[in-house]
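Below: the structure, in structure tokens.
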Amino acid sequence: MPTRILLEGRPGAGKTTALRRLAALLPTHAATGFTTEEIRQSGARVGFALETLAGRREVLAHVDLPGPPRVGKYGVDLGVMERLALPSLRPAATEEATGQLVLIDELGRMELACTAFRHAIDELFVAEIDVVATVHTHRDPFTDVLKRRTDIEVVQLTPTNRDVLPRELAARLQQPRQDGRPPSHG
């Protein structure tokens, strides 16, 4: 059975940093996906950029973007989800990609505003691939359903465990599966 993990943490707990460290610890693996990062000007957060593991980067949300949609003070460019996020996930959901690892940062309000992204996530979490995704702690109908699934493990990420957790997950993802098959992304 594939590994399906949601790294749940509060804002500032280090979810993005932990996922990037995990990706760096698995350089030879067939990992795909994306991370998000704050955009700051003069110390103030003004938006978020989305960057694929392949290095493509665009502004996902910004105070100067009109939206819709808007999430808080940020206008969200759903085109970024279509151009970058979805292509970074789609290859993993196909049959020939069985055994890949998908890293997603994050299943948050901005990303989930994209209907096609929600559908892609549903497909990923039933495919024969390993998935590690970061998720917010607040309640959301979409992520609440994922958190309740018995085939998905929810791991709490805190400032206390954020430095050791990527190493633990990397070691776990490199172990042979319980079904006797080799690690799914080697």
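By convention here, the chains of the structure tokens are called A, B, ... in the order presented, each chain's residues are numbered starting at 1, and ligands are numbered starting at 1 in the order presented.
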
Write down as a ChimeraX atom specification the residues of chain A whose backbone DSSP state falls under strand (DSSP E or B).
-> /A:4-9,31-41,44-52,57-62,70-71,74-76,101-107,130-136,153-156

Helix (DSSP H, G or I) positions in range 8-180 of chain A, given as a PyMOL selection string | chain A and resi 15-25+78-93+95-97+109-112+115-124+141-148+165-174

Extract, using only C-alpha atoms, all DNA, RNA and protein residues at most 12 Å from Leu26 in chain A, discarding same-chain residues fewer than 3 positions from it, and format them as a list in words.
->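 Contacts, with the query itself left out: Leu19, Arg20, Arg21, Leu22, Ala23, His29, Ala30, Ala31, Thr32, Leu53, Gln100, Leu101, Val102, Leu103, Pro166, Arg167, Glu168, Leu169, Ala170, Ala171, Arg172, Leu173, Gln174, Pro183, His185 and Gly186 of chain A.
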
Selection export as a compact mmCIF listing (two decimals), in the first residue's frame, atoms kept: N, CA, C and O atoms:
# COMPACT_ATOMS: atom_id res chain seq x y z
N LEU A 19 8.96 20.12 4.10
CA LEU A 19 8.75 19.45 2.82
C LEU A 19 9.94 19.65 1.89
O LEU A 19 10.36 18.73 1.20
N ARG A 20 10.52 20.84 1.89
CA ARG A 20 11.71 21.09 1.07
C ARG A 20 12.89 20.25 1.54
O ARG A 20 13.66 19.74 0.73
N ARG A 21 13.04 20.12 2.84
CA ARG A 21 14.13 19.28 3.36
C ARG A 21 13.92 17.82 2.99
O ARG A 21 14.87 17.12 2.66
N LEU A 22 12.67 17.36 3.04
CA LEU A 22 12.37 16.00 2.64
C LEU A 22 12.75 15.80 1.17
O LEU A 22 13.40 14.81 0.82
N ALA A 23 12.38 16.73 0.31
CA ALA A 23 12.72 16.63 -1.11
C ALA A 23 14.24 16.57 -1.31
O ALA A 23 14.75 15.79 -2.11
N HIS A 29 15.22 10.16 -6.12
CA HIS A 29 13.88 9.59 -6.28
C HIS A 29 13.07 10.36 -7.31
O HIS A 29 13.32 11.52 -7.59
N ALA A 30 12.10 9.73 -7.84
CA ALA A 30 11.23 10.32 -8.85
C ALA A 30 10.16 11.15 -8.18
O ALA A 30 8.99 10.81 -8.21
N ALA A 31 10.56 12.23 -7.54
CA ALA A 31 9.61 13.08 -6.84
C ALA A 31 9.11 14.18 -7.77
O ALA A 31 9.85 14.69 -8.61
N THR A 32 7.86 14.53 -7.61
CA THR A 32 7.25 15.62 -8.35
C THR A 32 6.37 16.37 -7.37
O THR A 32 6.10 15.90 -6.27
N LEU A 53 8.91 21.38 -8.05
CA LEU A 53 10.19 20.75 -7.70
C LEU A 53 11.15 20.81 -8.89
O LEU A 53 12.36 20.71 -8.70
N GLN A 100 5.89 6.63 -8.01
CA GLN A 100 6.44 7.95 -7.80
C GLN A 100 6.09 8.48 -6.42
O GLN A 100 5.21 7.96 -5.74
N LEU A 101 6.79 9.53 -6.06
CA LEU A 101 6.53 10.26 -4.83
C LEU A 101 6.06 11.66 -5.21
O LEU A 101 6.69 12.33 -6.02
N VAL A 102 4.95 12.08 -4.63
CA VAL A 102 4.43 13.42 -4.88
C VAL A 102 4.49 14.20 -3.57
O VAL A 102 4.01 13.74 -2.54
N LEU A 103 5.08 15.40 -3.64
CA LEU A 103 5.18 16.29 -2.50
C LEU A 103 4.36 17.54 -2.80
O LEU A 103 4.55 18.16 -3.85
N PRO A 166 11.73 15.51 8.67
CA PRO A 166 12.09 15.19 7.28
C PRO A 166 13.02 13.97 7.16
O PRO A 166 12.84 13.13 6.28
N ARG A 167 13.98 13.85 8.05
CA ARG A 167 14.90 12.68 8.03
C ARG A 167 14.13 11.40 8.32
O ARG A 167 14.36 10.38 7.69
N GLU A 168 13.22 11.46 9.29
CA GLU A 168 12.43 10.27 9.64
C GLU A 168 11.55 9.84 8.46
O GLU A 168 11.46 8.66 8.14
N LEU A 169 10.92 10.81 7.80
CA LEU A 169 10.07 10.48 6.67
C LEU A 169 10.89 9.96 5.49
O LEU A 169 10.47 9.02 4.81
N ALA A 170 12.05 10.56 5.25
CA ALA A 170 12.91 10.09 4.15
C ALA A 170 13.32 8.64 4.38
O ALA A 170 13.27 7.81 3.46
N ALA A 171 13.71 8.32 5.60
CA ALA A 171 14.09 6.93 5.91
C ALA A 171 12.91 6.00 5.71
O ALA A 171 13.05 4.91 5.14
N ARG A 172 11.76 6.43 6.14
CA ARG A 172 10.55 5.61 6.00
C ARG A 172 10.18 5.39 4.53
O ARG A 172 9.82 4.29 4.12
N LEU A 173 10.27 6.44 3.73
CA LEU A 173 9.91 6.34 2.32
C LEU A 173 10.90 5.47 1.53
O LEU A 173 10.56 4.97 0.46
N GLN A 174 12.08 5.28 2.06
CA GLN A 174 13.08 4.47 1.37
C GLN A 174 13.06 3.01 1.81
O GLN A 174 13.75 2.19 1.25
N PRO A 183 10.88 -0.02 -2.30
CA PRO A 183 10.37 1.35 -2.13
C PRO A 183 9.80 1.82 -3.45
O PRO A 183 10.29 1.48 -4.52
N HIS A 185 9.71 4.53 -5.12
CA HIS A 185 10.24 5.59 -5.97
C HIS A 185 11.74 5.48 -6.09
O HIS A 185 12.45 6.46 -6.00
N GLY A 186 12.24 4.29 -6.32
CA GLY A 186 13.68 4.12 -6.41
C GLY A 186 14.10 3.81 -7.70
O GLY A 186 14.43 3.92 -8.70

Rounded to one decimal in Å, what is the spacing between CA of Asp77 in chain A and CA of Arg10 in chain A?
->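 One can read the CA of Asp77 in chain A to CA of Arg10 in chain A distance as 23.7 Å.
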
Give me, please, the distance in Å between CA of Gln175 in chain A and CA of Met1 in chain A, quoted to one decimal.
->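 Distance between the two atoms: 12.6 Å.
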
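With only C-alpha atoms as the basis for measurement, A:Arg4 is the residue among A:Arg162, A:Arg148, A:Arg4, A:His62 that approaches Ala127 in chain A most closely.
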
Non-local contacts of Glu38 in chain A (10 Å; only C-alpha atoms; under 3 positions in same chain excluded) as a list in words = Thr16, Gln41, Ala44, Arg45, Val46, Gly47, Phe48, Ala49, Leu50, Val59, Leu60, Ala61 and His62 of chain A

List the neighbours of Arg57 in chain A out to 10 Å using only C-alpha atoms; skip same-chain residues closer than 4 positions along the sequence, and give me the result as an NGL selection string.
-> :A and (34-36 or 49-53 or 80 or 84-85)

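For the choices A:His138, A:Arg70, A:Lys15, A:Arg56, the atom-to-atom distance to Pro159 in chain A is smallest for A:Lys15 when using only C-alpha atoms.
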
Near Leu65 in chain A, counting only C-alpha atoms, which residues have an atom at most 8 Å away, once you skip same-chain residues fewer than 5 positions from it, shown as JSON, numbers by chain?
-> {"A": [74, 75, 76, 77]}

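Closest approach to Ile5 in chain A from the set A:His119, A:Arg149, A:Gly55, A:Arg139 is made by A:Arg149, with distances taken over only C-alpha atoms.
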
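The gap separating CA of Glu58 in chain A from CA of Val71 in chain A is 17.4 Å, in Å to one decimal.
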
List the neighbours of Glu82 in chain A out to 12 Å using only C-alpha atoms; skip same-chain residues closer than 5 positions along the sequence, and give me the result as a tab-separated table (two decimals) with C-alpha atoms, in the first residue's frame.
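To be explicit, this is the file written out as result-v9.tsv:
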chain	number	residue	atom	x	y	z
A	50	LEU	CA	4.34	28.59	-6.06
A	58	GLU	CA	5.19	32.11	-10.39
A	60	LEU	CA	0.14	32.46	-6.82
A	77	ASP	CA	-4.17	33.65	-9.72
A	87	PRO	CA	1.20	19.66	-14.54
A	88	SER	CA	3.51	18.85	-11.61
A	89	LEU	CA	0.85	16.45	-10.25
A	90	ARG	CA	-0.73	14.91	-13.35
A	111	GLU	CA	-4.75	26.10	-3.70
A	113	ALA	CA	-9.88	27.44	-4.65
A	114	CYS	CA	-8.96	25.64	-7.90
A	115	THR	CA	-11.56	22.96	-8.65
A	116	ALA	CA	-9.22	21.08	-11.01
A	117	PHE	CA	-6.62	20.94	-8.21
A	118	ARG	CA	-9.14	19.38	-5.80
A	120	ALA	CA	-6.22	16.05	-8.99
